[in-house]
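*Asks:* Data: model21.txt, compact mmCIF, C-alpha atoms and all ligand atoms.
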```
# COMPACT_ATOMS: atom_id res chain seq x y z
CA MET A 23 -12.46 -4.02 -0.04
CA ASN A 24 -14.77 -3.68 -3.04
CA ILE A 25 -15.27 -0.47 -4.98
CA ILE A 26 -18.39 0.60 -3.05
CA GLU A 27 -16.71 0.00 0.31
CA ALA A 28 -13.69 1.95 -0.91
CA LEU A 29 -15.82 4.85 -2.15
CA ASN A 30 -17.65 4.95 1.18
CA TRP A 31 -14.31 4.91 3.01
CA ARG A 32 -12.84 7.79 1.01
CA TYR A 33 -13.79 11.38 1.55
CA ALA A 34 -12.35 14.71 0.46
CA THR A 35 -9.79 14.89 3.23
CA LYS A 36 -9.44 18.36 4.72
CA ARG A 37 -6.54 17.65 7.07
CA MET A 38 -3.71 15.19 6.53
CA ASN A 39 -1.01 14.09 8.97
CA GLY A 40 2.08 14.62 6.83
CA LYS A 41 3.02 10.91 6.68
CA THR A 42 4.63 9.70 3.48
CA ILE A 43 2.71 7.26 1.32
CA PRO A 44 4.59 4.16 0.10
CA LYS A 45 6.18 4.46 -3.36
CA GLU A 46 4.36 1.30 -4.55
CA LYS A 47 0.97 2.81 -3.71
CA LEU A 48 1.81 6.04 -5.50
CA GLN A 49 2.89 3.98 -8.48
CA ILE A 50 -0.45 2.11 -8.53
CA ILE A 51 -2.33 5.43 -8.53
CA LEU A 52 -0.13 6.74 -11.36
CA ASP A 53 -0.63 3.49 -13.28
CA ALA A 54 -4.40 3.86 -12.89
CA ILE A 55 -4.14 7.40 -14.32
CA TYR A 56 -2.02 6.00 -17.16
CA LEU A 57 -4.79 3.51 -17.96
CA ALA A 58 -7.66 6.01 -17.68
CA PRO A 59 -9.78 6.29 -20.81
CA SER A 60 -9.84 9.49 -22.86
CA SER A 61 -11.58 10.60 -26.02
CA TYR A 62 -9.81 9.01 -29.04
CA GLY A 63 -7.21 7.82 -26.51
CA LEU A 64 -5.44 11.14 -26.96
CA GLN A 65 -4.70 11.75 -23.24
CA PRO A 66 -4.48 15.49 -23.82
CA TYR A 67 -2.97 16.24 -20.42
CA SER A 68 0.02 15.66 -18.19
CA ILE A 69 0.22 15.01 -14.48
CA ILE A 70 2.83 16.85 -12.46
CA VAL A 71 3.96 14.87 -9.44
CA ILE A 72 5.10 17.03 -6.52
CA GLU A 73 6.71 15.59 -3.40
CA ASN A 74 8.88 18.57 -2.46
CA LEU A 75 7.65 20.33 0.70
CA GLU A 76 9.20 23.67 -0.27
CA LEU A 77 7.28 23.64 -3.55
CA MET A 78 4.10 22.63 -1.70
CA LYS A 79 4.60 25.65 0.59
CA LYS A 80 4.85 27.87 -2.49
CA ILE A 81 1.60 26.41 -3.83
CA GLN A 82 -0.37 26.74 -0.57
CA PRO A 83 -1.14 30.50 -0.83
CA ILE A 84 -2.20 29.92 -4.45
CA ALA A 85 -4.68 27.33 -3.11
CA TYR A 86 -6.25 29.70 -0.57
CA MET A 87 -4.08 28.31 2.26
CA GLN A 88 -5.85 24.93 2.24
CA PRO A 89 -3.93 22.80 4.78
CA GLN A 90 -3.91 19.60 2.70
CA ILE A 91 -1.48 21.24 0.30
CA THR A 92 1.40 21.02 2.76
CA GLU A 93 0.11 18.15 4.91
CA ALA A 94 -0.13 15.79 1.94
CA SER A 95 2.61 13.37 1.01
CA VAL A 96 2.22 14.02 -2.72
CA LEU A 97 0.40 16.54 -4.88
CA LEU A 98 -0.69 15.56 -8.35
CA VAL A 99 -1.46 18.50 -10.63
CA PHE A 100 -3.68 17.55 -13.56
CA ALA A 101 -2.79 19.90 -16.39
CA ALA A 102 -4.49 19.88 -19.79
CA TRP A 103 -2.99 20.77 -23.17
CA ASP A 104 -3.59 24.47 -23.74
CA CYS A 105 -4.41 23.82 -27.41
CA LEU A 106 -4.60 21.09 -30.02
CA THR A 107 -2.17 21.12 -32.97
CA GLN A 108 -1.75 19.09 -36.14
CA GLN A 109 1.66 18.05 -34.82
CA LYS A 110 0.12 16.52 -31.67
CA ILE A 111 -2.44 14.66 -33.77
CA ASP A 112 0.27 13.40 -36.16
CA GLU A 113 2.43 12.21 -33.26
CA TYR A 114 -0.52 10.40 -31.73
CA ILE A 115 -1.43 8.64 -34.98
CA THR A 116 2.21 7.56 -35.48
CA HIS A 117 2.23 6.22 -31.91
CA VAL A 118 -1.01 4.23 -32.38
CA ALA A 119 0.31 2.77 -35.65
CA LYS A 120 3.55 1.72 -33.96
CA VAL A 121 1.97 0.21 -30.82
CA ARG A 122 -0.67 -1.69 -32.81
CA ASN A 123 1.59 -2.51 -35.71
CA MET A 124 -0.74 -0.88 -38.22
CA SER A 125 -0.13 1.35 -41.17
CA GLU A 126 -0.71 5.06 -40.63
CA ASP A 127 -2.80 4.97 -43.77
CA SER A 128 -5.34 2.68 -42.07
CA LEU A 129 -5.77 5.40 -39.44
CA LYS A 130 -6.49 8.13 -42.00
CA ARG A 131 -10.17 8.42 -41.13
CA ILE A 132 -9.58 8.80 -37.39
CA LYS A 133 -6.79 11.31 -38.08
CA LEU A 134 -9.19 13.41 -40.15
CA GLU A 135 -11.85 13.14 -37.46
CA ILE A 136 -9.52 14.37 -34.74
CA GLY A 137 -8.18 16.97 -37.17
CA ASN A 138 -11.71 18.40 -37.49
CA LEU A 139 -11.34 19.54 -33.90
CA LEU A 140 -8.72 22.03 -35.08
CA LYS A 141 -11.66 24.09 -36.38
CA ASN A 142 -12.61 24.78 -32.75
CA THR A 143 -11.08 27.66 -30.86
CA ALA A 144 -8.06 26.91 -28.66
CA GLU A 145 -10.25 27.62 -25.62
CA GLU A 146 -12.91 25.12 -26.76
CA ASN A 147 -10.25 22.47 -27.22
CA PHE A 148 -8.68 23.31 -23.87
CA CYS A 149 -12.11 22.73 -22.24
CA TRP A 150 -12.36 19.37 -24.02
CA HIS A 151 -8.85 18.46 -22.82
CA ALA A 152 -9.76 19.55 -19.29
CA LYS A 153 -12.79 17.21 -19.38
CA GLN A 154 -10.49 14.33 -20.28
CA ALA A 155 -8.18 15.28 -17.41
CA SER A 156 -11.17 15.16 -15.04
CA ILE A 157 -11.85 11.56 -16.07
CA ALA A 158 -8.25 10.73 -15.13
CA LEU A 159 -8.77 12.48 -11.80
CA GLY A 160 -11.87 10.36 -11.14
CA VAL A 161 -9.99 7.16 -11.92
CA ALA A 162 -7.17 8.31 -9.61
CA LEU A 163 -9.65 8.97 -6.78
CA CYS A 164 -11.02 5.43 -7.09
CA ALA A 165 -7.53 3.92 -7.26
CA ALA A 166 -6.39 5.83 -4.17
CA ALA A 167 -9.48 4.70 -2.25
CA LEU A 168 -8.90 1.06 -3.18
CA GLU A 169 -5.30 1.42 -1.98
CA GLN A 170 -6.52 3.03 1.27
CA ILE A 171 -4.70 6.25 0.51
CA ASP A 172 -6.56 9.41 1.44
CA SER A 173 -7.01 12.09 -1.15
CA THR A 174 -8.57 15.45 -1.88
CA PRO A 175 -9.67 16.49 -5.35
CA MET A 176 -9.15 20.26 -5.53
CA GLU A 177 -10.17 23.04 -7.83
CA GLY A 178 -9.81 25.67 -5.13
CA PHE A 179 -6.70 27.38 -6.45
CA ASN A 180 -5.70 30.13 -8.82
CA SER A 181 -4.76 28.30 -11.98
CA VAL A 182 -2.95 31.26 -13.58
CA ASP A 183 -0.65 31.57 -10.57
CA LEU A 184 -0.13 27.82 -10.32
CA ASP A 185 0.77 27.65 -14.01
CA GLU A 186 3.35 30.33 -13.41
CA VAL A 187 4.95 28.61 -10.40
CA LEU A 188 5.11 25.28 -12.25
CA GLN A 189 6.07 26.92 -15.57
CA LEU A 190 3.24 25.08 -17.29
CA LYS A 191 2.72 27.60 -20.09
CA GLU A 192 6.19 26.81 -21.38
CA ARG A 193 5.10 23.17 -21.67
CA GLY A 194 1.84 24.01 -23.41
CA LEU A 195 -0.22 23.09 -20.35
CA ARG A 196 -2.78 24.71 -18.05
CA SER A 197 -3.61 23.37 -14.61
CA VAL A 198 -7.10 21.96 -14.12
CA SER A 199 -7.12 20.28 -10.72
CA ILE A 200 -4.91 19.18 -7.86
CA MET A 201 -5.14 15.85 -6.07
CA ALA A 202 -3.58 15.77 -2.62
CA LEU A 203 -2.53 12.29 -1.49
CA GLY A 204 -1.72 11.30 2.07
CA TYR A 205 -3.28 10.09 5.29
CA ARG A 206 -6.21 11.63 7.15
CA ASP A 207 -5.52 13.46 10.41
CA ILE A 208 -8.18 11.78 12.51
CA GLU A 209 -7.92 14.25 15.40
CA ASN A 210 -8.03 17.47 13.43
CA ASP A 211 -10.16 16.77 10.38
CA PRO A 212 -13.72 17.97 11.13
CA LEU A 213 -15.10 15.90 8.25
CA VAL A 214 -13.56 12.59 9.25
CA ASN A 215 -16.70 10.95 10.65
CA LEU A 216 -19.43 12.85 8.87
CA PRO A 217 -21.90 10.92 6.70
CA LYS A 218 -21.78 11.39 2.96
CA VAL A 219 -24.13 13.94 1.44
CA ARG A 220 -25.51 12.85 -1.90
CA ARG A 221 -28.63 13.72 -3.90
CA ASN A 222 -31.50 11.28 -3.86
CA LYS A 223 -30.96 8.33 -6.16
CA GLU A 224 -34.51 8.95 -7.45
CA GLU A 225 -33.35 12.31 -8.76
CA LEU A 226 -29.89 11.25 -9.84
CA PHE A 227 -30.77 8.20 -11.91
CA ILE A 228 -33.38 8.46 -14.61
CA SER A 229 -34.38 5.26 -16.31
CA ILE A 230 -36.09 5.61 -19.66
CA GLN A 231 -37.94 2.36 -20.28
CA SER A 232 -39.75 3.18 -23.48
CA GLU A 233 -38.06 3.49 -26.84
CA ILE A 234 -40.37 6.41 -27.65
CA GLY A 235 -38.20 8.67 -25.52
CA PHE A 236 -38.80 11.72 -23.38
CA THR A 237 -42.29 12.19 -22.05
CA ALA A 238 -43.06 12.51 -18.39
CA SER A 239 -45.11 9.31 -18.46
CA ASN A 240 -42.38 7.01 -19.79
CA ILE A 241 -39.55 8.20 -17.53
CA ASN A 242 -39.34 5.88 -14.58
CA ASN A 243 -37.06 6.51 -11.69
CA ILE A 244 -34.99 3.60 -10.41
C1 LIG B 301 -13.40 18.81 -9.08
C2 LIG B 301 -13.47 18.92 -7.59
C3 LIG B 301 -12.94 20.03 -6.95
C4 LIG B 301 -12.91 20.09 -5.55
N1 LIG B 301 -12.23 21.12 -4.92
C5 LIG B 301 -12.03 21.04 -3.59
C6 LIG B 301 -11.14 21.93 -2.93
O1 LIG B 301 -10.54 22.81 -3.53
N2 LIG B 301 -10.97 21.77 -1.61
C7 LIG B 301 -11.59 20.79 -0.89
O2 LIG B 301 -11.35 20.69 0.32
N3 LIG B 301 -12.44 19.94 -1.47
C8 LIG B 301 -12.66 20.04 -2.80
N4 LIG B 301 -13.49 19.13 -3.42
C9 LIG B 301 -14.16 18.09 -2.62
C10 LIG B 301 -15.68 18.14 -2.68
O3 LIG B 301 -16.16 19.19 -1.90
C11 LIG B 301 -16.19 16.77 -2.21
O4 LIG B 301 -15.71 15.79 -3.10
C12 LIG B 301 -17.71 16.69 -2.15
O5 LIG B 301 -18.20 17.55 -1.18
C13 LIG B 301 -18.18 15.29 -1.86
O6 LIG B 301 -17.65 14.82 -0.65
P1 LIG B 301 -16.70 13.54 -0.52
O7 LIG B 301 -15.67 13.67 -1.62
O8 LIG B 301 -16.07 13.70 0.83
O9 LIG B 301 -17.51 12.33 -0.66
C14 LIG B 301 -13.53 19.07 -4.80
C15 LIG B 301 -14.11 17.98 -5.47
C16 LIG B 301 -14.06 17.88 -6.83
C17 LIG B 301 -14.61 16.65 -7.52
```
Go ahead and render the structure in this file as structure tokens.
*Replies:*
Amino acid sequence: MNIIEALNWRYATKRMNGKTIPKEKLQIILDAIYLAPSSYGLQPYSIIVIENLELMKKIQPIAYMQPQITEASVLLVFAAWDCLTQQKIDEYITHVAKVRNMSEDSLKRIKLEIGNLLKNTAEENFCWHAKQASIALGVALCAAALEQIDSTPMEGFNSVDLDEVLQLKERGLRSVSIMALGYRDIENDPLVNLPKVRRNKEELFISIQSEIGFTASNINNI
């Protein structure tokens, strides 16, 4: 199955059948998240892996009783760093130097560049971290589809309450999204056979052919 076939096959699954997904497939999805790109490579997030049904039941009311929460095999909670600190930057630079066998001194410029972000407010940096976490979610959605594992990306939950249940504040994290992983319930999911709704490609993709830039006459739609 190629990527387009996989993306056509996947859909935001509303009902799952409670079957467990194989460990190897979960591992592939986690490995894909591990390899997801992020700005500066900082990966300013963690992913909480939940397979415990009792915990899923606790989360369900926080996610407006959405059935996938307890019908899924696994829930992945994408949680972004609540703030950026000099210590996190220092640790990252030390890690890069070690992995790539470079001196930390040769990474001085990049360290300063990332350090400039400390001038932002904690909330601004949290938003930037959350954007990076969303890229990882997108990669995970593609990986799951290629592995023929159903999934639901979810923002429909109260993040303050979820953070409390998972004690994320203590870890310096705030929840951004949930990804439910499992198998579609073909009989009970009203969305199972519905066609995809997407905006017109003519609106979505804008090709600018001329180097002059933005004028109505030199913007051609694909
Ligand atoms: C960030 C994000 C948050 C979403 N939150 C929810 C959610 O809480 N519950 C849900 O059932 N679907 C949720 N969706 C699914 C979208 O409604 C769905 O992806 C969109 O309608 C496109 O349909 P498709 O994914 O089936 O192709 C979310 C999707 C994204 C990307």
*Asks:* Could I get the residue neighbourhood of ligand LIG 301 (chain B) at 7 Å, counting only C-alpha atoms and all ligand atoms, as a PDB file with C-alpha atoms, keeping the file's coordinate frame?
*Replies:*
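File written: selection-v9.pdb
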```
ATOM      1  CA  ARG A  32     -12.840   7.790   1.010  1.00  0.00           C
ATOM      2  CA  TYR A  33     -13.790  11.380   1.550  1.00  0.00           C
ATOM      3  CA  ALA A  34     -12.350  14.710   0.460  1.00  0.00           C
ATOM      4  CA  THR A  35      -9.790  14.890   3.230  1.00  0.00           C
ATOM      5  CA  LYS A  36      -9.440  18.360   4.720  1.00  0.00           C
ATOM      6  CA  THR A 174      -8.570  15.450  -1.880  1.00  0.00           C
ATOM      7  CA  PRO A 175      -9.670  16.490  -5.350  1.00  0.00           C
ATOM      8  CA  MET A 176      -9.150  20.260  -5.530  1.00  0.00           C
ATOM      9  CA  GLU A 177     -10.170  23.040  -7.830  1.00  0.00           C
ATOM     10  CA  GLY A 178      -9.810  25.670  -5.130  1.00  0.00           C
ATOM     11  CA  PHE A 179      -6.700  27.380  -6.450  1.00  0.00           C
ATOM     12  CA  SER A 199      -7.120  20.280 -10.720  1.00  0.00           C
ATOM     13  CA  LYS A 218     -21.780  11.390   2.960  1.00  0.00           C
ATOM     14  CA  VAL A 219     -24.130  13.940   1.440  1.00  0.00           C
TER      15      VAL A 219
END
```
*Asks:* I'd like the neighbourhood of A:Ile43 as a ChimeraX atom specification, where a residue qualifies if any of its atoms comes within 12 Å (using all atoms listed in the file), though same-chain residues fewer than 6 positions away should be ignored.
*Replies:* /A:49-51,73,93-97,166,169-173,202-206
*Asks:* Kindly provide, as JSON, the centre and edge lengths (Å, one decimal) of an axis-aligned box around all atoms of stretch 177-185 of chain A given in the file, with 3 Å on each side.
*Replies:*
```
{"center_x": -4.7, "center_y": 27.3, "center_z": -9.6, "size_x": 16.9, "size_y": 14.5, "size_z": 14.9}
```
*Asks:* Work out how far atom CA of A:Cys105 is from atom CA of A:Gln189, in Å to one decimal.
*Replies:*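 Atom CA of A:Cys105 lies at a distance of 16.1 Å from atom CA of A:Gln189.
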*Asks:* Using all atoms listed in the file and a cutoff of 12 Å, can you tell me which residues are near (5.6, 25.8, -11.9) in the file's coordinates, and write them out as a list of chain:residue names?
*Replies:* A:Ile70, A:Val71, A:Ile72, A:Leu77, A:Met78, A:Lys80, A:Ile81, A:Ile84, A:Val99, A:Ala101, A:Ser181, A:Val182, A:Asp183, A:Leu184, A:Asp185, A:Glu186, A:Val187, A:Leu188, A:Gln189, A:Leu190, A:Lys191, A:Glu192, A:Arg193, A:Leu195, A:Arg196, A:Ser197
